[in-house]
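Everything below belongs to structure.txt, which stores compact mmCIF, C-alpha atoms.
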```
# COMPACT_ATOMS: atom_id res chain seq x y z
CA MET A 22 -59.42 -155.57 1.14
CA ALA A 23 -59.05 -159.29 1.08
CA ALA A 24 -61.90 -161.40 2.31
CA PRO A 25 -61.24 -162.87 5.73
CA SER A 26 -60.40 -166.54 5.83
CA PHE A 27 -60.30 -169.17 8.49
CA ASP A 28 -57.02 -171.05 8.87
CA ALA A 29 -57.69 -174.46 10.36
CA THR A 30 -54.11 -175.73 10.17
CA HIS A 31 -53.28 -177.84 13.22
CA SER A 32 -56.34 -176.63 14.98
CA ILE A 33 -56.94 -180.08 16.44
CA GLN A 34 -53.98 -182.02 17.78
CA PHE A 35 -54.21 -185.67 18.55
CA ASP A 36 -51.61 -187.02 20.93
CA LEU A 37 -51.90 -190.65 20.31
CA GLY A 38 -49.20 -191.57 22.88
CA ARG A 39 -51.01 -189.79 25.65
CA GLY A 40 -54.38 -190.51 24.26
CA ASN A 41 -55.76 -187.01 24.26
CA VAL A 42 -57.07 -184.46 21.82
CA ARG A 43 -56.33 -180.79 22.07
CA SER A 44 -57.86 -177.79 20.36
CA GLY A 45 -55.59 -174.85 20.89
CA ASP A 46 -54.66 -174.82 24.53
CA GLU A 47 -57.76 -176.73 25.63
CA GLN A 48 -58.20 -180.43 25.84
CA VAL A 49 -61.31 -181.62 24.15
CA LEU A 50 -63.26 -184.81 24.14
CA LEU A 51 -64.72 -186.54 21.17
CA VAL A 52 -68.20 -187.59 22.22
CA PRO A 53 -70.79 -189.24 20.03
CA ALA A 54 -73.52 -186.73 19.23
CA ASN A 55 -76.35 -189.14 20.00
CA ALA A 56 -74.83 -189.85 23.42
CA LEU A 57 -74.79 -186.17 24.15
CA ALA A 58 -78.30 -185.79 22.80
CA SER A 59 -79.49 -188.58 25.10
CA LEU A 60 -77.90 -186.86 28.01
CA THR A 61 -79.40 -183.47 27.29
CA ALA A 62 -82.77 -185.02 26.69
CA VAL A 63 -83.06 -186.18 30.28
CA ALA A 64 -81.00 -183.48 31.91
CA PRO A 65 -82.62 -180.50 33.59
CA ALA A 66 -82.94 -177.28 31.58
CA GLU A 67 -80.36 -175.52 33.63
CA ALA A 68 -77.90 -178.38 33.07
CA SER A 69 -78.52 -178.37 29.31
CA GLN A 70 -78.15 -174.61 29.17
CA GLY A 71 -74.93 -174.91 31.18
CA LEU A 72 -73.63 -177.43 28.68
CA GLY A 73 -74.49 -175.14 25.84
CA ARG A 74 -72.89 -172.18 27.41
CA ALA A 75 -69.72 -174.16 28.08
CA LEU A 76 -69.53 -175.26 24.46
CA GLY A 77 -70.14 -171.72 23.20
CA ALA A 78 -67.62 -170.14 25.52
CA ALA A 79 -64.90 -172.47 24.25
CA ILE A 80 -65.75 -171.62 20.64
CA GLY A 81 -65.80 -167.89 21.44
CA ARG A 82 -62.48 -167.95 23.10
CA ARG A 83 -60.79 -169.69 20.24
CA ALA A 84 -62.41 -167.30 17.74
CA ARG A 85 -61.32 -164.28 19.69
CA ALA A 86 -57.77 -165.67 19.69
CA ARG A 87 -57.88 -165.48 15.95
CA LEU A 88 -59.01 -161.82 15.88
CA ASP A 89 -56.47 -159.04 16.36
CA ASP A 90 -58.79 -156.18 17.41
CA VAL A 91 -62.18 -157.43 18.36
CA ALA A 92 -63.70 -153.95 18.74
CA GLU A 93 -62.66 -153.01 15.24
CA ALA A 94 -63.14 -156.40 13.67
CA SER A 95 -65.46 -156.41 10.74
CA ILE A 96 -68.64 -158.40 10.62
CA GLU A 97 -67.19 -160.70 8.03
CA ALA A 98 -64.07 -161.33 10.06
CA VAL A 99 -65.96 -162.16 13.22
CA VAL A 100 -68.46 -164.35 11.42
CA THR A 101 -65.68 -166.15 9.62
CA GLN A 102 -63.69 -167.02 12.72
CA LEU A 103 -66.78 -167.84 14.73
CA ALA A 104 -68.16 -170.09 12.04
CA GLY A 105 -64.75 -171.74 11.62
CA GLU A 106 -64.43 -172.64 15.26
CA ALA A 107 -68.03 -173.85 15.38
CA ALA A 108 -67.32 -176.11 12.45
CA LEU A 109 -64.23 -177.56 14.15
CA ALA A 110 -66.30 -178.33 17.19
CA GLY A 111 -68.89 -180.07 15.06
CA ILE A 112 -71.67 -177.65 15.99
CA GLY A 113 -72.77 -177.06 12.43
CA SER A 114 -72.67 -174.29 9.81
CA LEU A 115 -73.06 -170.88 11.33
CA SER A 116 -74.06 -167.64 9.58
CA ILE A 117 -75.85 -164.44 10.44
CA GLU A 118 -78.90 -162.58 9.09
CA ARG A 119 -80.03 -159.05 9.69
CA TRP A 120 -83.75 -158.49 10.00
CA GLY A 121 -84.02 -154.76 10.24
CA GLN A 122 -82.08 -153.81 13.34
CA ALA A 123 -82.13 -157.30 14.78
CA LEU A 124 -79.26 -159.76 14.45
CA VAL A 125 -80.24 -163.35 13.74
CA VAL A 126 -77.77 -166.23 13.86
CA LEU A 127 -78.53 -169.17 11.61
CA VAL A 128 -77.15 -172.60 12.53
CA GLU A 129 -77.55 -175.41 10.03
CA GLY A 130 -76.91 -179.08 10.49
CA SER A 131 -76.24 -179.09 14.17
CA PRO A 132 -76.34 -182.44 15.98
CA LEU A 133 -77.13 -180.68 19.19
CA ALA A 134 -80.58 -180.13 20.55
CA HIS A 135 -81.91 -176.73 19.57
CA SER A 136 -82.42 -175.86 23.18
CA LEU A 137 -78.64 -175.89 23.60
CA LEU A 138 -77.97 -173.51 20.70
CA ALA A 139 -79.30 -170.30 22.24
CA PRO A 140 -76.97 -170.46 25.30
CA LEU A 141 -74.17 -171.65 23.05
CA VAL A 142 -74.39 -168.66 20.66
CA ALA A 143 -74.89 -166.14 23.44
CA SER A 144 -71.91 -167.51 25.36
CA ALA A 145 -69.70 -167.48 22.28
CA LEU A 146 -70.45 -163.80 21.59
CA GLU A 147 -69.90 -162.93 25.23
CA ALA A 148 -66.54 -164.67 25.08
CA ILE A 149 -65.54 -162.72 22.00
CA PHE A 150 -66.73 -159.25 22.99
CA GLY A 151 -66.64 -159.50 26.80
CA ARG A 152 -70.18 -158.21 27.26
CA ALA A 153 -73.50 -159.74 28.23
CA VAL A 154 -75.51 -161.05 25.29
CA TRP A 155 -78.97 -162.65 25.30
CA CYS A 156 -80.24 -165.06 22.74
CA THR A 157 -83.48 -166.94 22.12
CA LEU A 158 -84.65 -169.52 19.64
CA LEU A 159 -86.91 -168.17 16.89
CA SER A 160 -87.49 -171.31 14.87
CA GLY A 161 -86.19 -174.83 15.14
CA GLU A 162 -87.26 -176.52 11.92
CA ASP A 163 -84.59 -179.07 11.06
CA PRO A 164 -82.00 -178.64 9.86
CA HIS A 165 -82.20 -174.91 10.44
CA ALA A 166 -82.21 -173.05 13.71
CA ARG A 167 -82.66 -169.29 13.91
CA LEU A 168 -81.61 -167.48 17.03
CA LEU A 169 -82.29 -163.85 17.87
CA VAL A 170 -79.57 -161.84 19.55
CA ALA A 171 -81.07 -159.04 21.58
CA SER A 172 -81.41 -157.60 25.06
CA GLU A 173 -82.64 -159.71 27.91
CA ARG A 174 -86.06 -158.02 27.89
CA SER A 175 -86.53 -158.32 24.16
CA THR A 176 -85.57 -161.98 24.08
CA GLU A 177 -88.03 -162.74 26.85
CA ARG A 178 -90.89 -160.98 24.97
CA VAL A 179 -90.14 -162.71 21.72
CA ARG A 180 -90.01 -166.04 23.52
CA GLU A 181 -93.45 -165.35 24.93
CA TRP A 182 -94.85 -164.36 21.52
CA ILE A 183 -93.54 -167.45 19.84
CA ALA A 184 -94.83 -169.64 22.65
CA SER A 185 -98.24 -168.05 22.10
CA GLY A 186 -98.14 -168.94 18.41
CA VAL A 187 -96.87 -165.75 16.80
CA PRO A 188 -94.70 -166.50 13.79
CA TRP A 189 -91.13 -165.61 14.30
CA GLY A 190 -91.18 -163.10 11.41
CA ASN A 191 -94.12 -161.30 12.92
CA ALA A 192 -92.39 -161.38 16.28
CA LEU A 193 -89.40 -159.63 14.82
CA THR A 194 -91.62 -157.07 13.11
CA ARG A 195 -93.59 -156.45 16.26
CA LEU A 196 -90.41 -156.12 18.29
CA GLN A 197 -89.02 -153.42 16.08
CA GLY A 198 -92.39 -151.73 15.71
CA GLU A 199 -92.72 -151.26 19.44
CA ARG A 200 -89.31 -149.71 19.51
CA ALA A 201 -90.20 -147.29 16.73
CA MET B 28 -121.20 -187.82 -97.56
CA SER B 29 -119.07 -188.71 -100.51
CA LYS B 30 -118.82 -186.76 -103.68
CA ALA B 31 -120.52 -189.49 -105.68
CA GLU B 32 -123.54 -189.39 -103.44
CA THR B 33 -123.67 -185.66 -103.63
CA LEU B 34 -123.52 -185.73 -107.38
CA SER B 35 -126.21 -188.36 -107.54
CA ARG B 36 -128.44 -186.33 -105.30
CA LEU B 37 -127.85 -183.26 -107.37
CA GLU B 38 -128.77 -185.16 -110.48
CA ARG B 39 -131.98 -186.40 -108.92
CA LEU B 40 -132.79 -182.89 -107.83
CA LEU B 41 -132.24 -181.62 -111.32
CA GLU B 42 -134.53 -184.28 -112.68
CA ARG B 43 -137.23 -183.33 -110.24
CA VAL B 44 -136.94 -179.70 -111.14
CA ARG B 45 -137.24 -180.56 -114.78
CA ALA B 46 -140.17 -182.82 -114.09
CA ARG B 47 -141.99 -180.10 -112.17
CA ALA B 48 -141.20 -177.59 -114.84
CA GLY B 49 -142.71 -179.97 -117.37
CA ALA B 50 -145.73 -180.49 -115.21
CA ARG B 51 -146.25 -176.77 -114.95
CA GLY B 52 -146.07 -176.55 -118.71
CA GLY B 53 -148.85 -179.15 -119.01
CA ALA B 54 -150.89 -177.44 -116.41
CA ARG B 55 -150.44 -174.17 -118.19
CA ALA B 56 -151.90 -175.71 -121.33
CA ALA B 57 -154.62 -177.68 -119.61
CA PRO B 58 -156.40 -175.13 -117.47
CA ALA B 59 -158.19 -173.63 -120.40
CA PRO B 60 -161.53 -175.04 -119.21
CA ALA B 61 -160.86 -173.86 -115.76
CA ILE B 62 -160.01 -170.46 -116.99
CA ALA B 63 -163.04 -170.49 -119.13
CA ALA B 64 -165.16 -171.49 -116.18
CA ALA B 65 -163.58 -168.80 -114.19
CA ALA B 66 -164.29 -166.34 -116.87
CA ALA B 67 -167.85 -167.55 -116.98
CA GLY B 68 -168.32 -167.29 -113.30
CA ALA B 69 -168.41 -163.89 -111.78
CA GLU B 70 -165.31 -162.91 -109.85
CA LEU B 71 -164.10 -166.42 -109.34
CA ILE B 72 -160.83 -166.62 -107.69
CA GLU B 73 -158.35 -169.11 -108.86
CA GLU B 74 -157.99 -171.95 -106.46
CA PRO B 75 -154.58 -172.29 -104.88
CA VAL B 76 -152.52 -175.15 -106.03
CA GLN B 77 -152.79 -178.11 -103.77
CA LEU B 78 -149.33 -179.06 -102.64
CA THR B 79 -149.98 -182.72 -102.23
CA THR B 80 -146.54 -183.45 -100.91
CA TRP B 81 -146.64 -181.33 -97.82
CA THR B 82 -149.84 -179.29 -97.49
CA PRO B 83 -152.13 -180.63 -94.73
CA PRO B 84 -155.82 -181.04 -95.53
CA PRO B 85 -158.12 -178.16 -94.73
CA PRO B 86 -159.96 -178.38 -91.46
CA GLU B 87 -163.56 -179.55 -91.71
CA ALA B 88 -164.87 -177.38 -88.98
CA ALA B 89 -164.14 -173.84 -88.23
CA VAL B 90 -161.04 -173.56 -86.24
CA PRO B 91 -161.61 -171.52 -83.13
CA ASP B 92 -159.37 -168.60 -82.63
CA VAL B 93 -156.78 -169.55 -80.14
CA ALA B 94 -154.28 -167.07 -79.02
CA ILE B 95 -151.10 -169.04 -79.24
CA ALA B 96 -147.79 -167.47 -79.73
CA ILE B 97 -145.99 -169.40 -82.37
CA ASP B 98 -142.35 -168.98 -82.86
CA VAL B 99 -141.68 -169.52 -86.49
CA ASP B 100 -138.21 -170.65 -87.14
CA TYR B 101 -138.43 -170.24 -90.84
CA VAL B 102 -140.58 -168.25 -93.17
CA GLU B 103 -142.10 -169.70 -96.22
CA ALA B 104 -143.33 -167.62 -99.03
CA ALA B 105 -146.10 -169.24 -100.96
CA GLN B 106 -147.41 -166.73 -103.38
CA VAL B 107 -151.03 -166.87 -104.15
CA THR B 108 -152.34 -164.80 -106.97
CA VAL B 109 -155.82 -163.86 -107.94
CA ALA B 110 -156.99 -163.95 -111.48
CA ASP B 111 -158.21 -160.45 -111.58
CA GLY B 112 -156.06 -158.94 -108.99
CA GLY B 113 -159.07 -159.12 -106.72
CA PRO B 114 -159.49 -157.46 -103.43
CA GLU B 115 -158.47 -158.79 -100.09
CA GLU B 116 -161.98 -159.89 -99.19
CA VAL B 117 -161.20 -163.37 -100.33
CA PRO B 118 -162.16 -165.66 -97.47
CA SER B 119 -159.23 -166.75 -95.51
CA GLU B 120 -160.58 -170.29 -95.51
CA ARG B 121 -159.48 -170.49 -99.06
CA PHE B 122 -155.91 -170.51 -97.90
CA ASP B 123 -156.30 -173.77 -96.15
CA SER B 124 -152.70 -174.28 -95.54
CA ALA B 125 -151.32 -174.12 -92.11
CA GLU B 126 -148.31 -172.52 -93.55
CA ARG B 127 -147.76 -168.83 -93.57
CA LEU B 128 -148.96 -167.49 -96.83
CA VAL B 129 -147.90 -164.27 -98.31
CA VAL B 130 -150.20 -162.62 -100.71
CA ALA B 131 -148.26 -161.08 -103.48
CA GLY B 132 -149.36 -158.35 -105.68
CA ALA B 133 -151.52 -158.92 -108.68
CA ILE B 134 -149.74 -160.55 -111.54
CA PRO B 135 -150.98 -162.03 -114.77
CA THR B 136 -152.61 -165.38 -114.53
CA ASP B 137 -150.35 -167.01 -116.92
CA GLU B 138 -147.38 -166.04 -114.84
CA ALA B 139 -148.89 -167.22 -111.60
CA GLY B 140 -148.28 -170.83 -112.35
CA ASP B 141 -144.62 -170.24 -112.72
CA GLU B 142 -144.47 -168.76 -109.26
CA LEU B 143 -146.31 -171.55 -107.46
CA ILE B 144 -143.32 -173.47 -106.42
CA PRO B 145 -143.36 -174.28 -102.78
CA GLU B 146 -140.40 -173.73 -100.61
CA PRO B 147 -138.80 -176.91 -99.46
CA GLU B 148 -139.83 -177.85 -96.02
CA PRO B 149 -137.52 -178.99 -93.34
CA GLY B 150 -137.49 -182.73 -93.43
CA ASP B 151 -138.03 -182.85 -97.10
CA GLU B 152 -135.67 -185.02 -99.00
CA LEU B 153 -134.36 -181.94 -100.70
CA GLY B 154 -133.54 -180.34 -97.39
CA ALA B 155 -129.78 -180.55 -97.85
CA PRO B 156 -128.04 -177.18 -97.94
CA GLY B 157 -126.73 -177.75 -101.42
CA GLU B 158 -130.11 -178.73 -102.74
CA THR B 159 -131.76 -175.80 -101.10
CA GLN B 160 -129.23 -173.54 -102.73
CA LEU B 161 -129.99 -175.05 -106.11
CA ALA B 162 -133.70 -174.66 -105.59
CA ALA B 163 -133.27 -171.10 -104.54
CA ASP B 164 -131.19 -170.43 -107.60
CA ALA B 165 -133.84 -171.99 -109.77
CA LEU B 166 -136.57 -169.85 -108.26
CA GLY B 167 -134.65 -166.70 -108.58
CA GLU B 168 -133.81 -163.99 -106.21
CA GLU B 169 -137.33 -162.69 -105.78
CA THR B 170 -138.51 -165.78 -103.97
CA ALA B 171 -135.98 -165.33 -101.20
CA GLU B 172 -137.47 -163.13 -98.56
CA PRO B 173 -134.89 -161.37 -96.45
CA ALA B 174 -134.89 -162.64 -92.92
CA PRO B 175 -135.96 -160.23 -90.20
CA ILE B 176 -133.33 -158.86 -87.95
CA SER B 177 -134.44 -160.90 -84.95
CA SER B 178 -134.66 -164.16 -86.79
CA ARG B 179 -132.01 -166.79 -87.00
CA ARG B 180 -129.24 -166.26 -89.42
CA PRO B 181 -126.74 -168.57 -90.88
CA VAL B 182 -123.52 -168.76 -88.98
CA MET B 183 -121.49 -168.81 -92.12
CA GLY B 184 -122.54 -167.81 -95.58
CA GLU B 185 -122.42 -170.32 -98.30
CA PRO B 186 -119.30 -169.78 -100.33
CA ASP B 187 -119.75 -169.47 -104.06
CA ASP B 188 -117.28 -172.18 -104.78
CA ARG B 189 -118.84 -174.70 -102.46
CA LEU B 190 -119.90 -177.04 -105.18
CA GLU B 191 -116.61 -176.69 -106.87
CA ARG B 192 -114.79 -177.50 -103.70
CA MET B 193 -117.14 -180.40 -103.05
CA ALA B 194 -116.59 -181.72 -106.56
CA PHE B 195 -112.87 -181.23 -106.90
CA GLY B 196 -111.71 -180.82 -103.40
CA ALA B 197 -110.20 -177.86 -101.67
CA ASP B 198 -106.61 -176.97 -102.18
CA GLU B 199 -106.32 -174.93 -99.07
CA ALA B 200 -107.78 -175.23 -95.64
CA PRO B 201 -110.84 -173.09 -95.09
CA PRO B 202 -110.27 -169.95 -93.08
CA PRO B 203 -111.25 -170.09 -89.42
CA LEU B 204 -114.82 -169.23 -88.67
CA HIS B 205 -113.91 -166.89 -85.83
CA THR B 206 -110.91 -165.34 -84.25
CA PRO B 207 -109.07 -167.83 -82.06
CA PRO B 208 -108.94 -167.01 -78.35
CA PRO B 209 -105.81 -165.31 -77.07
CA GLU B 210 -103.07 -167.54 -75.86
CA SER B 211 -102.59 -167.88 -72.15
CA GLY B 212 -99.34 -167.27 -70.36
CA ARG B 213 -97.10 -164.35 -69.68
CA VAL B 214 -97.74 -161.10 -71.35
CA PRO B 215 -94.54 -159.42 -72.45
CA ALA B 216 -93.93 -156.10 -70.81
CA ALA B 217 -93.89 -153.00 -72.84
CA PRO B 218 -90.43 -151.78 -73.71
CA ALA B 219 -89.02 -149.26 -71.34
CA ASP B 220 -88.32 -146.84 -74.12
CA ASP B 221 -92.00 -146.45 -74.74
CA PHE B 222 -92.71 -145.25 -71.22
CA ASP B 223 -92.97 -141.53 -70.84
CA SER B 224 -93.09 -140.54 -67.22
CA GLU B 225 -94.04 -136.98 -67.98
CA VAL B 226 -97.24 -137.87 -69.69
CA GLY B 227 -100.46 -138.98 -68.07
CA ASP B 228 -99.51 -138.69 -64.42
CA ALA B 229 -102.05 -136.55 -62.68
CA ARG B 230 -100.15 -136.65 -59.40
CA GLU B 231 -97.17 -135.05 -61.03
CA SER B 232 -99.31 -132.21 -62.19
CA ASP B 233 -100.85 -131.78 -58.74
CA ARG B 234 -97.50 -131.57 -57.02
CA PRO B 235 -96.79 -128.04 -55.90
CA ASP B 236 -93.70 -126.32 -57.05
CA GLU B 237 -92.54 -125.47 -53.51
CA PRO B 238 -90.77 -128.17 -51.46
CA LEU B 239 -92.63 -129.74 -48.55
CA VAL B 240 -91.89 -128.32 -45.12
CA ALA B 241 -92.64 -130.18 -41.92
CA GLU B 242 -95.04 -128.54 -39.52
CA PRO B 243 -93.94 -129.47 -36.00
CA ARG B 244 -96.33 -129.70 -33.10
CA ARG B 245 -94.73 -129.78 -29.69
CA ALA B 246 -96.35 -130.15 -26.29
CA HIS B 247 -95.78 -127.46 -23.72
CA LEU B 248 -94.85 -129.14 -20.45
CA GLU B 249 -94.63 -127.23 -17.18
CA SER B 250 -91.51 -128.02 -15.17
CA GLY B 251 -92.67 -126.55 -11.86
CA ALA B 252 -94.91 -129.44 -10.82
CA PRO B 253 -93.59 -131.69 -8.03
CA VAL B 254 -92.82 -134.95 -9.77
CA ILE B 255 -90.95 -136.87 -7.08
CA LYS B 256 -92.70 -138.22 -4.04
CA LEU B 257 -90.60 -140.02 -1.46
CA SER B 258 -92.11 -142.75 0.66
CA GLY B 259 -90.69 -145.16 3.19
CA THR B 260 -87.33 -145.00 4.90
CA PRO B 261 -83.99 -145.85 3.41
CA ARG B 262 -82.56 -149.19 4.35
CA ARG B 263 -80.11 -149.09 7.17
CA SER B 264 -76.57 -149.47 6.16
CA MET B 265 -74.79 -152.46 7.55
CA PRO B 266 -72.56 -151.49 10.44
CA ALA B 267 -68.88 -151.61 9.68
CA THR B 268 -67.98 -153.75 12.65
CA PHE B 269 -69.56 -156.70 14.32
CA SER B 270 -69.36 -154.81 17.56
CA ALA B 271 -71.54 -152.05 16.18
CA LEU B 272 -73.94 -154.63 14.86
CA LEU B 273 -74.08 -156.21 18.25
CA ASP B 274 -74.79 -152.84 19.80
CA GLU B 275 -77.76 -152.30 17.49
CA THR B 276 -79.30 -155.67 18.13
CA LEU B 277 -78.78 -155.45 21.84
CA SER B 278 -80.48 -152.08 21.84
CA LEU B 279 -83.72 -153.76 20.91
```
Write-out of the structure in structure tokens:
Amino acid sequence: MAAPSFDATHSIQFDLGRGNVRSGDEQVLLVPANALASLTAVAPAEASQGLGRALGAAIGRRARARLDDVAEASIEAVVTQLAGEAALAGIGSLSIERWGQALVVLVEGSPLAHSLLAPLVASALEAIFGRAVWCTLLSGEDPHARLLVASERSTERVREWIASGVPWGNALTRLQGERA
Amino acid sequence: MSKAETLSRLERLLERVRARAGARGGARAAPAPAIAAAAAGAELIEEPVQLTTWTPPPPEAAVPDVAIAIDVDYVEAAQVTVADGGPEEVPSERFDSAERLVVAGAIPTDEAGDELIPEPEPGDELGAPGETQLAADALGEETAEPAPISSRRPVMGEPDDRLERMAFGADEAPPPLHTPPPESGRVPAAPADDFDSEVGDARESDRPDEPLVAEPRRAHLESGAPVIKLSGTPRRSMPATFSALLDETLSL
């Protein structure tokens, strides 16, 4: 079985006569990252999360368009198309880690604020698989950002543990220990 | 020392021997009064000849007995005779010489004078080996007392043709005085043909006739003991699909 690959040919179309940029069937806007960061810095949390979710949903939709059978798609195939679309959008380098039973998404080199990444990743997965997904930030040391994908209840508990000072590794261990 | 000097010294020695022999002849004729006086006196012992050349004067006072061990390097034999073969009770003071005196047996008086020839002393002008040999020859064999075993001995005996070689020279080099030391360096190995492996090897004789057989020792291990102990849980296999992976993580 050949390793899945991401074909980026003509993924972004610039219509110089009309002055627009298109990615697939969607029109996109090239915005300086620092301008967006300034906006999200002063925007309310719900507005920033809405922005993140909108960015993630667009990435998820384009990735799903690249997958033939999402339910039967392999991990490598999904990660490859998801990471490819995230790279085209300028989000950063995306990969996954498995800590026991938990799925952790690793985003490196993102110009976005880390607070935007959790809604972005959750929205992208929801767009691909058509089901509700919850995500929370485990660690935000630049340039890495680790995000836990779990149920709504689990993500809320881990968020509380990390806010109380529990290391994210211990939070993952504790989460799976309670389940066992 | 050159040959001329040696010959001259030998000649002087010969003259001295002749002169002493002549003197003894005169003394033998002269002592008639002394002998007469001795005959007149009862049991007079003939006075020892005063060796004016080397005999020290007698001590004036009695010499205390001092226990001193004296190592005598040489032995001199000065024979003193008594006129009548007298007993040993002659006072020892009469032998006033510090030298070791040996009392010989009784001999006739007229022969005593011939025997009173002192041994040359070390340091005497006649102390050369050649001269000593001549003097010894002149005195005869009986004057030479054999050296004790523990005394010093000459390293090399005087050859009989020493004078001849000194006078006319030696045609051949003298033989070495001792065996030269062995030469250093490699020692040649013995020829292989001389080696007999069947002779002189005690280990060969101790070897038994039967061939050696190994004696194995093996441990007896029981196979019924439980060796394996499992601990922990096997790592979960990665789900085949991302959807299954998402199901697992959302189940947390």
For chain B, list the residues within 7 Å of chain A, counting only C-alpha atoms, and write the list as a list of chain:residue names.
B:Ala267, B:Thr268, B:Phe269, B:Ser270, B:Glu275, B:Thr276, B:Leu277, B:Ser278, B:Leu279
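Straight-line separation from atom CA of A:Val179 to atom CA of A:Ala143: 15.7 Å.
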Residue nearest A:Leu133 among A:Gln48, A:Ser114, A:Thr157, A:Thr61 (counting only C-alpha atoms)
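Nearest to A:Leu133: A:Thr61.
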Please write out, as AutoDock Vina command-line options, where the centre of an axis-aligned box around all listed atoms of stretch 77-93 of chain A lies and how long its edges are, in Å to one decimal, after adding 8 Å on each side.
```
--center_x -63.3 --center_y -162.7 --center_z 20.4 --size_x 29.7 --size_y 35.5 --size_z 26.3
```
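The list of residues with at least one atom within 8 Å of A:Ala84, based on all atoms listed in the file and without residues fewer than 2 positions apart in the same chain, reads Ile80, Gly81, Arg82, Ala86, Arg87, Leu88, Val99, Gln102, Leu103, Gly105, Glu106 and Ile149 of chain A.
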From the set A:Ser144, A:Thr30, A:Ser44, A:Ser59, which residue has the shortest atom-to-atom contact distance to A:Ala110, counting all atoms listed in the file?
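Among the listed residues, the smallest separation from A:Ala110 belongs to A:Ser44.
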Record the distance separating atom CA of A:Thr101 and atom CA of A:Pro140, expressed in Å with one decimal.
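Separation of atom CA of A:Thr101 and atom CA of A:Pro140: 19.8 Å.
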Between atom CA of B:Pro266 and atom CA of A:Leu168, what is the distance, to one decimal in Å?
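One can read the atom CA of B:Pro266 to atom CA of A:Leu168 distance as 19.5 Å.
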Among listed residues A:Gly186, A:Gly161, A:Gly198, A:Gly111, nearest A:Leu50 (using all atoms listed in the file)
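Looking at the shortest contact to A:Leu50, the residue is A:Gly111.
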Selected residue, from A:Ala145, A:Ala62, A:Ala184, A:Leu137, that lies nearest to A:Leu159 when counting all atoms listed in the file:
A:Ala184
Might you pull out every residue within 9 Å of A:Ile183, with only C-alpha atoms counted and same-chain residues fewer than 4 positions away left off, and present them as a ChimeraX atom specification?
/A:159-160,178-179,187-189,192
Could you please fill out stretch 107-116 of chain A with N, CA, C and O atoms and send it back as a PDB file, in the frame of the given file?
```pdb
ATOM      1  N   ALA A 107     -66.829-173.032  15.179  1.00  0.00           N
ATOM      2  CA  ALA A 107     -68.030-173.850  15.380  1.00  0.00           C
ATOM      3  C   ALA A 107     -67.980-175.093  14.515  1.00  0.00           C
ATOM      4  O   ALA A 107     -68.409-176.182  14.932  1.00  0.00           O
ATOM      5  N   ALA A 108     -67.432-174.950  13.328  1.00  0.00           N
ATOM      6  CA  ALA A 108     -67.320-176.110  12.450  1.00  0.00           C
ATOM      7  C   ALA A 108     -66.337-177.112  13.009  1.00  0.00           C
ATOM      8  O   ALA A 108     -66.552-178.331  12.937  1.00  0.00           O
ATOM      9  N   LEU A 109     -65.203-176.628  13.581  1.00  0.00           N
ATOM     10  CA  LEU A 109     -64.230-177.560  14.150  1.00  0.00           C
ATOM     11  C   LEU A 109     -64.818-178.326  15.327  1.00  0.00           C
ATOM     12  O   LEU A 109     -64.491-179.488  15.553  1.00  0.00           O
ATOM     13  N   ALA A 110     -65.683-177.662  16.050  1.00  0.00           N
ATOM     14  CA  ALA A 110     -66.300-178.330  17.190  1.00  0.00           C
ATOM     15  C   ALA A 110     -67.434-179.247  16.775  1.00  0.00           C
ATOM     16  O   ALA A 110     -68.003-179.962  17.606  1.00  0.00           O
ATOM     17  N   GLY A 111     -67.807-179.192  15.509  1.00  0.00           N
ATOM     18  CA  GLY A 111     -68.890-180.070  15.060  1.00  0.00           C
ATOM     19  C   GLY A 111     -70.262-179.542  15.391  1.00  0.00           C
ATOM     20  O   GLY A 111     -71.244-180.290  15.413  1.00  0.00           O
ATOM     21  N   ILE A 112     -70.381-178.219  15.602  1.00  0.00           N
ATOM     22  CA  ILE A 112     -71.670-177.650  15.990  1.00  0.00           C
ATOM     23  C   ILE A 112     -72.583-177.515  14.777  1.00  0.00           C
ATOM     24  O   ILE A 112     -73.793-177.624  14.904  1.00  0.00           O
ATOM     25  N   GLY A 113     -71.970-177.275  13.623  1.00  0.00           N
ATOM     26  CA  GLY A 113     -72.770-177.060  12.430  1.00  0.00           C
ATOM     27  C   GLY A 113     -72.281-175.846  11.658  1.00  0.00           C
ATOM     28  O   GLY A 113     -71.274-175.239  11.963  1.00  0.00           O
ATOM     29  N   SER A 114     -73.020-175.445  10.632  1.00  0.00           N
ATOM     30  CA  SER A 114     -72.670-174.290   9.810  1.00  0.00           C
ATOM     31  C   SER A 114     -73.344-173.073  10.371  1.00  0.00           C
ATOM     32  O   SER A 114     -74.568-173.046  10.523  1.00  0.00           O
ATOM     33  N   LEU A 115     -72.544-172.070  10.661  1.00  0.00           N
ATOM     34  CA  LEU A 115     -73.060-170.880  11.330  1.00  0.00           C
ATOM     35  C   LEU A 115     -72.969-169.693  10.393  1.00  0.00           C
ATOM     36  O   LEU A 115     -71.959-169.491   9.728  1.00  0.00           O
ATOM     37  N   SER A 116     -74.042-168.875  10.358  1.00  0.00           N
ATOM     38  CA  SER A 116     -74.060-167.640   9.580  1.00  0.00           C
ATOM     39  C   SER A 116     -74.996-166.666  10.279  1.00  0.00           C
ATOM     40  O   SER A 116     -75.647-167.041  11.258  1.00  0.00           O
TER      41      SER A 116
END
```
